[in-house]
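Written below as structure tokens is the structure these notes are about.
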There are 8 protein chains.
Amino acid sequence: MMKVYLSGEIHTDWRDQITAAAADLDVTFAGPVTDHAASDDCGVAIMGAEDQKFWHDHKGAKLNAIRTRKGIESADIVVVRFGDQYKQWNAAFDAGMAAALGKSLIVMHGPDHQHALKEVDAAALAVVETPKQVVEILTYVLNGTLPD
Amino acid sequence: MMKVYLSGEIHTDWRDQITAAAADLDVTFAGPVTDHAASDDCGVAIMGAEDQKFWHDHKGAKLNAIRTRKGIESADIVVVRFGDQYKQWNAAFDAGMAAALGKSLIVMHGPDHQHALKEVDAAALAVVETPKQVVEILTYVLNGTLPD
Amino acid sequence: MMKVYLSGEIHTDWRDQITAAAADLDVTFAGPVTDHAASDDCGVAIMGAEDQKFWHDHKGAKLNAIRTRKGIESADIVVVRFGDQYKQWNAAFDAGMAAALGKSLIVMHGPDHQHALKEVDAAALAVVETPKQVVEILTYVLNGTLPD
Amino acid sequence: MMKVYLSGEIHTDWRDQITAAAADLDVTFAGPVTDHAASDDCGVAIMGAEDQKFWHDHKGAKLNAIRTRKGIESADIVVVRFGDQYKQWNAAFDAGMAAALGKSLIVMHGPDHQHALKEVDAAALAVVETPKQVVEILTYVLNGTLPD
Amino acid sequence: MMKVYLSGEIHTDWRDQITAAAADLDVTFAGPVTDHAASDDCGVAIMGAEDQKFWHDHKGAKLNAIRTRKGIESADIVVVRFGDQYKQWNAAFDAGMAAALGKSLIVMHGPDHQHALKEVDAAALAVVETPKQVVEILTYVLNGTLPD
Amino acid sequence: MMKVYLSGEIHTDWRDQITAAAADLDVTFAGPVTDHAASDDCGVAIMGAEDQKFWHDHKGAKLNAIRTRKGIESADIVVVRFGDQYKQWNAAFDAGMAAALGKSLIVMHGPDHQHALKEVDAAALAVVETPKQVVEILTYVLNGTLPD
Amino acid sequence: MMKVYLSGEIHTDWRDQITAAAADLDVTFAGPVTDHAASDDCGVAIMGAEDQKFWHDHKGAKLNAIRTRKGIESADIVVVRFGDQYKQWNAAFDAGMAAALGKSLIVMHGPDHQHALKEVDAAALAVVETPKQVVEILTYVLNGTLPD
Amino acid sequence: MMKVYLSGEIHTDWRDQITAAAADLDVTFAGPVTDHAASDDCGVAIMGAEDQKFWHDHKGAKLNAIRTRKGIESADIVVVRFGDQYKQWNAAFDAGMAAALGKSLIVMHGPDHQHALKEVDAAALAVVETPKQVVEILTYVLNGTLPD
């Protein structure tokens with residue numbers, strides 16, 4: 001059985017695509033909270049409002065870290081997807097953690113980001129563009145079978 | 001004695017500012033190769049040309065990783081600066097490695113990047129805006145004295 | 001599934017409040033022996049009486065350490081509560097162990113102890129005042145849902 | 001050569017007593033910043049004022065953690081002194097970190113605190129009352145000679 | 001659930017006593033092969049005879065190490081019993097491994113061996129004389145209840 | 001329960017022999033993909049063709065590393081078989097990883113390779129020639145019984 | 001300063017070439033004993049003769065492991081050279097250890113061995129053919145300068 | 001440079017023999033306090049008398065552990081000598097610690113103890129009978145030269 005953590009971009013349904021297509025594999029998936037509003041406001045919603053944006057964000061980011069840490073530390077494979085928008089520094093940060101912890105890293109991004117992600121790609125065991133490729137990798141790694 | 005690794009943005013002289021201002025402290029500094037062209041082309045210059053940009057970058061990024069790994073793993077403190085330009089995913093990647101390895105992390109960035117860097121900041125022991133503040137932190141941590 | 005260790009104060013029913021309110025979550029809880037008399041006398045009850053209070057306490061504290069170590073080392077999250085009474089150095093000691101082992105630390109205490117606990121709070125991913133907030137955090141971290 | 005970190009109480013001259021009496025031993029000492037005001041205000045002095053006491057303290061405690069972490073992680077022996085006053089939870093927190101990191105722990109306190117410190121003492125390799133005893137231990141451990 | 005490794009003396013039924021008395025506890029037990037002849041000859045029986053006693057023993061001791069390593073590394077608690085006979089250096093060796101790996105160590109021996117075992121006892125969280133006391137410790141550590 | 005990783009030669013049915021003969025033991029087996037063609041081409045089949053053989057192989061070897069790493073890191077015992085043909089450097093590489101990770105290493109090879117494998121054998125807890133011997137070792141280690 | 005371990009082939013002067021050409025770099029080199037006869041016979045020369053070749057080799061290989069282990073564990077960079085002759089399983093074994101310990105791995109070999117070494121190359125940060133390239137890498141990594 | 005810890009028997013001058021004969025090697029030696037009386041009484045001499053022999057010994061054994069731990073953890077090679085007398089369980093305990101910490105272990109003992117020490121010998125990289133052999137091993141490991 002493989003444990004896979006799906007890190008990064010939260011605005012498209014790539015996690016659902018992978019999870020659905022991998023339904024027959026001996027894999028469990030984890031990932032961050034993908035409700036953007038909840039993720040941003042969780043700290044103040046539970047522990048009280050802050051006047052400054054920095055501390056508002058700080059409290060939330062730390063709560064999210066409880067989930068992220070557990071997910072990455074428990075994983076055999078960490079998949080990190082970089083989408084087309086936003087800075088996505090948290091995705092690169094997760095990739096750095098995964099690399100330092102010796103996890104098998106798979107990076108997913110389009111060709112436009114190739115040069116900017118070269119250090120992240122260099123630490124990966126696979127660089128792909130689509131959720132379908134991630135599922136093909138998981139299928140091969142677990143069952144030894146290749147796509148037709 | 002403290003070992004400090006200066007990660008991130010390589011287009012301004014912030015490393016020189018810190019190193020000069022910290023000349024009297026019991027500190028040694030390390031950092032990446034800051035010659036942008038050499039950093040991009042080191043792999044093919046030494047190990048032979050590649051037709052594809054991906055492998056050109058791959059060979060270079062791996063050579064640079066030899067230096068980065070040594071620098072971060074040896075450090076007591078990792079300072080990561082995010083500048084105004086570029087994606088800077090390698091900076092966030094270094095920050096993730098530093099956090100996973102239990103290094104004391106100091107993040108430097110302007111107020112514009114505050115929200116996008118909230119996960120990185122949440123892993124840091126200090127968030128600052130200027131090289132001068134980094135030197136003040138090092139001075140305090142080593143000597144116990146505060147700026148006037 | 002998350003493993004949570006509930007450390008610290010043993011004279012109120014805060015553990016029961018959390019356990020009851022978290023009954024529907026995918027969480028397991030552990031904690032110290034909360035029978036104060038048994039906890040104090042376990043060493044001599046099993047291994048023989050001591051003339052000196054120091055060794056009486058020493059034998060008991062070491063037996064309790066078998067349970068504490070296992071609980072903290074197995075945990076994903078360590079919650080440490082500081083109550084209104086007593087020195088509670090064992091609670092701060094547990095927090096230090098949890099921090100050094102890289103556990104996600106949640107500290108619970110009233111506003112009176114804020115300054116005295118600043119070093120412990122600085123190592124935490126969340127600082128709360130009530131058992132209800134701990135359950136809200138666990139609910140968010142596991143299910144991604146916030147309190148209404 | 002032994003590296004010794006002197007943690008805990010900062011209002012008496014016990015560190016100076018140990019350092020002076022151990023001048024001929026092959027030992028280096030480290031410890032926290034002992035200027036109480038600087039220690040409390042270092043965060044805001046360098047990184048800007050905060051309206052709330054919690055964040056004022058938070059910024060300072062994190063800066064101090066840079067020094068404490070380095071000191072404890074580098075040490076062979078961690079000496080933790082509990083004085084007569086204050087909560088001193090940071091001292092117990094340091095002791096917990098030292099224990100979790102496998103450091104040799106020496107605890108110093110008066111007889112009044114014996115019962116309350118039993119968990120901390122149980123993790124120690126020596127429990128003493130005076131700086132003189134610490135120096136006698138260091139002398140024996142390094143040179144094999146006992147006090148007359 | 002606790003995992004307990006029962007190391008040391010193999011000529012009396014102390015393991016059976018503990019296992020039987022602990023039948024209702026949430027504990028699993030492991031231990032070495034207790035068939036003395038099989039334990040001595042396993043190497044040559046499977047991998048071929050040796051002319052020299054040293055290599056005969058060497059092959060056997062290494063096979064036994066496969067089981068011992070797994071048992072100790074998986075354990076939460078290592079109980080090491082020293083009987084009245086033989087050198088039992090393997091028992092002390094197991095205790096050293098357990099201590100270095102941070103396992104909770106319980107040492108069992110009669111009063112005659114007290115001085116000779118002082119270094120081993122000093123690394124233990126409990127020193128007992130009988131299997132009954134081991135079961136009482138496990139009962140207390142798991143359930144918080146003391147013997148009547 | 002023991003987890004066993006079967007590394008090395010993939011052109012004979014030695015894995016099947018072991019798995020079948022060990023059907024009654026409390027053991028789980030893992031190993032590399034043994035479909036030679038799939039193993040060689042997996043990288044380009046999933047992630048796109050390469051002009052150069054080096055990168056063709058590189059992509060495949062990295063995918064296979066996801067499975068190998070997981071298998072070796074999860075194992076209690078790593079069995080490495082060297083056959084009569086090929087360089088088999090990957091087998092020796094796996095043995096080096098297993099040794100560095102503290103796994104119990106069993107090496108299987110014929111007498112012709114004895115001198116060339118002396119460094120690998122020196123790191124092993126058992127050196128055997130046949131699958132039958134591996135099963136006898138597993139039987140002894142788990143059940144304490146020797147072959148008749 | 002970088003520590004480099006030069007592993008593998010001992011029949012050509014590649015180590016001398018690297019050491020000489022790197023004389024001005026801030027690097028220290030270590031490597032195995034390169035006197036083939038001494039390396040083969042060291043065990044029996046010091047600890048007494050053996051009738052069987054297996055144990056003769058075993059004693060020698062274990063002595064050599066004392067040096068190898070120290071060299072690899074202390075290194076920042078491990079260079080492994082595969083020559084044209086012999087099985088060289090010890091070289092691949094060293095590479096596996098280096099990879100598992102997180103060392104920066106540089107592999108040196110001719111194009112003939114490319115396919116057979118693909119798993120080893122996949123774990124490396126650089127794959128080169130000549131000692132000159134190793135020195136160019138060290139020069140770049142330490143000084144940031146590329147060959148003309 | 002190699003760091004060597006000389007553990008075990010303290011009633012003959014074997015440490016002096018090794019240290020003198022190895023004077024020209026790049027080695028530093030450490031070891032326990034060899035003044036038997038001081039070693040037994042150090043705890044009570046510094047921290048106050050005890051009525052019971054168990055606690056008298058306990059206090060001393062823990063002080064000695066400060067030195068032993070540092071010596072073994074810092075060592076590259078741990079030499080453990082078993083003499084003709086006494087139980088020497090502390091020697092076997094040190095050997096177990098050294099093995100668990102991945103140190104290169106050399107065991108020294110006469111032929112009479114061969115069978116009883118088989119588990120300890122099985123964890124060693126060399127088993128010798130004399131101090132001269134230890135020096136020959138150190139000379140070979142450091143300089144690559146064998147005795148004439």
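By order of appearance in the structure tokens: chains A, B, ..., then residues from 1 within every chain, and ligands from 1 in the order shown.
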
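For Glu73 (chain F), the set of protein, DNA and RNA residues having any atom at most 8 Å away, when counting only C-alpha atoms and skipping those fewer than 3 positions along the same chain, is Arg69, Lys70, Ala98 and Leu101 of chain F.
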
Output N, CA, C and O atoms for every residue in the selection just made, as a tab-separated table (two decimals), in the first residue's frame.
chain	number	residue	atom	x	y	z
F	69	ARG	N	12.65	2.18	-3.23
F	69	ARG	CA	12.78	2.92	-1.98
F	69	ARG	C	11.74	2.50	-0.94
F	69	ARG	O	12.07	2.25	0.21
F	70	LYS	N	10.49	2.51	-1.41
F	70	LYS	CA	9.40	2.13	-0.52
F	70	LYS	C	9.62	0.71	-0.02
F	70	LYS	O	9.45	0.40	1.17
F	98	ALA	N	20.35	-0.92	1.85
F	98	ALA	CA	19.83	-1.72	2.97
F	98	ALA	C	20.78	-1.67	4.16
F	98	ALA	O	20.35	-1.52	5.31
F	101	LEU	N	20.69	1.67	5.92
F	101	LEU	CA	19.44	1.88	6.65
F	101	LEU	C	19.28	0.93	7.83
F	101	LEU	O	18.24	0.93	8.50

Would you mind listing what lies within 10 Å of His58 (chain E) as a PDB file with N, CA, C and O atoms, in the first residue's frame, with only C-alpha atoms counted and same-chain residues fewer than 6 positions away left out?
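Once everything was written out, this is out.pdb:
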ATOM      1  N   ASP E  40      21.892 -22.236  19.278  1.00  0.00           N
ATOM      2  CA  ASP E  40      23.345 -22.393  19.089  1.00  0.00           C
ATOM      3  C   ASP E  40      23.710 -22.898  17.693  1.00  0.00           C
ATOM      4  O   ASP E  40      24.754 -22.527  17.147  1.00  0.00           O
ATOM      5  N   GLY E  43      22.859 -21.529  12.616  1.00  0.00           N
ATOM      6  CA  GLY E  43      23.668 -21.082  11.481  1.00  0.00           C
ATOM      7  C   GLY E  43      24.182 -22.239  10.652  1.00  0.00           C
ATOM      8  O   GLY E  43      23.985 -22.280   9.429  1.00  0.00           O
ATOM      9  N   VAL E  44      24.818 -23.192  11.296  1.00  0.00           N
ATOM     10  CA  VAL E  44      25.385 -24.310  10.530  1.00  0.00           C
ATOM     11  C   VAL E  44      24.293 -25.255  10.029  1.00  0.00           C
ATOM     12  O   VAL E  44      24.456 -25.894   8.977  1.00  0.00           O
ATOM     13  N   GLU E  50      30.884 -25.740   9.975  1.00  0.00           N
ATOM     14  CA  GLU E  50      32.171 -25.036  10.065  1.00  0.00           C
ATOM     15  C   GLU E  50      33.134 -25.854  10.906  1.00  0.00           C
ATOM     16  O   GLU E  50      32.737 -26.451  11.914  1.00  0.00           O
ATOM     17  N   GLN E  52      35.703 -24.542  12.575  1.00  0.00           N
ATOM     18  CA  GLN E  52      36.067 -23.794  13.776  1.00  0.00           C
ATOM     19  C   GLN E  52      34.832 -23.356  14.547  1.00  0.00           C
ATOM     20  O   GLN E  52      33.874 -22.871  13.985  1.00  0.00           O
ATOM     21  N   ASN E  64      20.435 -15.196  14.707  1.00  0.00           N
ATOM     22  CA  ASN E  64      19.642 -14.765  15.853  1.00  0.00           C
ATOM     23  C   ASN E  64      19.508 -13.243  15.897  1.00  0.00           C
ATOM     24  O   ASN E  64      18.486 -12.720  16.359  1.00  0.00           O
TER      25      ASN E  64
ATOM     26  N   LEU F 125      23.890 -10.450   7.344  1.00  0.00           N
ATOM     27  CA  LEU F 125      23.720 -11.337   8.496  1.00  0.00           C
ATOM     28  C   LEU F 125      23.645 -12.798   8.060  1.00  0.00           C
ATOM     29  O   LEU F 125      23.716 -13.691   8.901  1.00  0.00           O
TER      30      LEU F 125
ATOM     31  N   GLN H 114      35.054 -17.044  24.135  1.00  0.00           N
ATOM     32  CA  GLN H 114      34.548 -17.008  22.752  1.00  0.00           C
ATOM     33  C   GLN H 114      33.058 -17.326  22.661  1.00  0.00           C
ATOM     34  O   GLN H 114      32.284 -16.586  22.040  1.00  0.00           O
ATOM     35  N   HIS H 115      32.633 -18.428  23.266  1.00  0.00           N
ATOM     36  CA  HIS H 115      31.225 -18.824  23.103  1.00  0.00           C
ATOM     37  C   HIS H 115      30.278 -17.836  23.801  1.00  0.00           C
ATOM     38  O   HIS H 115      29.243 -17.460  23.246  1.00  0.00           O
ATOM     39  N   LEU H 117      30.650 -14.778  24.289  1.00  0.00           N
ATOM     40  CA  LEU H 117      30.608 -13.457  23.652  1.00  0.00           C
ATOM     41  C   LEU H 117      30.165 -13.524  22.198  1.00  0.00           C
ATOM     42  O   LEU H 117      30.340 -12.564  21.438  1.00  0.00           O
ATOM     43  N   LYS H 118      29.567 -14.605  21.772  1.00  0.00           N
ATOM     44  CA  LYS H 118      29.302 -14.759  20.336  1.00  0.00           C
ATOM     45  C   LYS H 118      28.358 -13.701  19.784  1.00  0.00           C
ATOM     46  O   LYS H 118      28.512 -13.258  18.648  1.00  0.00           O
ATOM     47  N   GLU H 119      27.385 -13.276  20.550  1.00  0.00           N
ATOM     48  CA  GLU H 119      26.470 -12.235  20.062  1.00  0.00           C
ATOM     49  C   GLU H 119      27.198 -10.890  19.946  1.00  0.00           C
ATOM     50  O   GLU H 119      26.911 -10.098  19.040  1.00  0.00           O
ATOM     51  N   VAL H 120      28.086 -10.618  20.880  1.00  0.00           N
ATOM     52  CA  VAL H 120      28.841  -9.366  20.821  1.00  0.00           C
ATOM     53  C   VAL H 120      29.822  -9.408  19.653  1.00  0.00           C
ATOM     54  O   VAL H 120      29.917  -8.460  18.859  1.00  0.00           O
ATOM     55  N   ASP H 121      30.529 -10.522  19.526  1.00  0.00           N
ATOM     56  CA  ASP H 121      31.467 -10.670  18.404  1.00  0.00           C
ATOM     57  C   ASP H 121      30.751 -10.554  17.051  1.00  0.00           C
ATOM     58  O   ASP H 121      31.310 -10.015  16.085  1.00  0.00           O
ATOM     59  N   ALA H 122      29.533 -11.075  16.991  1.00  0.00           N
ATOM     60  CA  ALA H 122      28.800 -11.052  15.723  1.00  0.00           C
ATOM     61  C   ALA H 122      28.460  -9.632  15.272  1.00  0.00           C
ATOM     62  O   ALA H 122      28.198  -9.384  14.098  1.00  0.00           O
ATOM     63  N   ALA H 123      28.463  -8.695  16.213  1.00  0.00           N
ATOM     64  CA  ALA H 123      28.176  -7.294  15.869  1.00  0.00           C
ATOM     65  C   ALA H 123      29.447  -6.502  15.575  1.00  0.00           C
ATOM     66  O   ALA H 123      29.373  -5.330  15.219  1.00  0.00           O
TER      67      ALA H 123
END

Within 7 Å of chain B, which residues of chain G show up when using only C-alpha atoms, listed as a ChimeraX atom specification?
/G:76,104,125-126,128,133,136,141,144,146

Dump N, CA, C and O atoms for the selected residues as a compact mmCIF listing (two decimals), in the first residue's frame?
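Produced file selection_22.txt, reproduced below:
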# COMPACT_ATOMS: atom_id res chain seq x y z
N ASP G 76 30.81 15.02 2.36
CA ASP G 76 29.73 15.81 1.77
C ASP G 76 29.39 15.25 0.39
O ASP G 76 28.24 15.21 -0.02
N SER G 104 25.78 13.81 -1.49
CA SER G 104 25.77 14.19 -2.90
C SER G 104 26.64 13.21 -3.66
O SER G 104 27.84 13.07 -3.36
N LEU G 125 23.85 13.21 -8.47
CA LEU G 125 23.66 14.61 -8.85
C LEU G 125 24.50 14.98 -10.05
O LEU G 125 24.30 16.04 -10.64
N ALA G 126 25.44 14.11 -10.41
CA ALA G 126 26.23 14.34 -11.62
C ALA G 126 26.77 13.02 -12.12
O ALA G 126 27.15 12.16 -11.33
N VAL G 128 29.70 11.75 -14.85
CA VAL G 128 30.80 12.26 -15.65
C VAL G 128 31.64 11.10 -16.17
O VAL G 128 31.44 9.95 -15.79
N GLN G 133 36.51 16.38 -15.15
CA GLN G 133 35.15 16.88 -14.90
C GLN G 133 34.83 16.93 -13.40
O GLN G 133 34.11 17.81 -12.95
N GLU G 136 36.34 20.06 -12.19
CA GLU G 136 35.56 21.21 -12.64
C GLU G 136 34.28 21.37 -11.80
O GLU G 136 33.85 22.49 -11.50
N VAL G 141 31.33 24.21 -7.63
CA VAL G 141 30.54 24.13 -6.40
C VAL G 141 31.15 24.99 -5.30
O VAL G 141 30.43 25.64 -4.53
N GLY G 144 32.21 28.83 -7.68
CA GLY G 144 31.24 29.44 -8.59
C GLY G 144 31.80 29.74 -9.96
O GLY G 144 31.15 30.45 -10.74
N LEU G 146 33.36 28.57 -13.74
CA LEU G 146 33.28 27.51 -14.73
C LEU G 146 34.57 27.42 -15.53
O LEU G 146 35.32 28.40 -15.62

List the spatial neighbours of region 81-87 of chain E as a CSV table (one decimal) with C-alpha atoms, in the first residue's frame - criterion: any atom at most 9 Å away, only C-alpha atoms, same-chain residues fewer than 5 positions off excluded.
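Output file part-v5.csv follows:
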chain,number,residue,atom,x,y,z
E,6,LEU,CA,11.5,-10.0,26.7
E,7,SER,CA,15.3,-10.3,26.5
E,8,GLY,CA,17.8,-12.4,28.5
E,9,GLU,CA,17.8,-15.6,30.5
E,10,ILE,CA,16.2,-18.5,28.7
E,11,HIS,CA,16.4,-21.4,31.2
E,12,THR,CA,13.4,-20.6,33.4
E,14,TRP,CA,9.7,-16.3,33.4
E,92,ALA,CA,23.6,-6.7,28.7
E,106,ILE,CA,13.0,-2.6,32.7
E,107,VAL,CA,15.8,-4.7,34.3
E,108,MET,CA,15.0,-7.8,36.3
E,109,HIS,CA,17.6,-9.4,38.6
E,110,GLY,CA,18.2,-10.7,42.1
E,112,ASP,CA,23.3,-10.5,44.3
E,113,HIS,CA,23.8,-8.8,41.0
E,129,GLU,CA,13.1,-8.9,40.9
H,87,LYS,CA,30.9,-9.9,35.2
H,88,GLN,CA,31.8,-6.9,33.0
H,89,TRP,CA,28.2,-6.3,32.1
H,116,ALA,CA,29.8,-16.5,25.7
H,117,LEU,CA,30.6,-13.5,23.7

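Note that CA of Met1 (chain G) and CA of Leu138 (chain G) are 10.7 Å apart.
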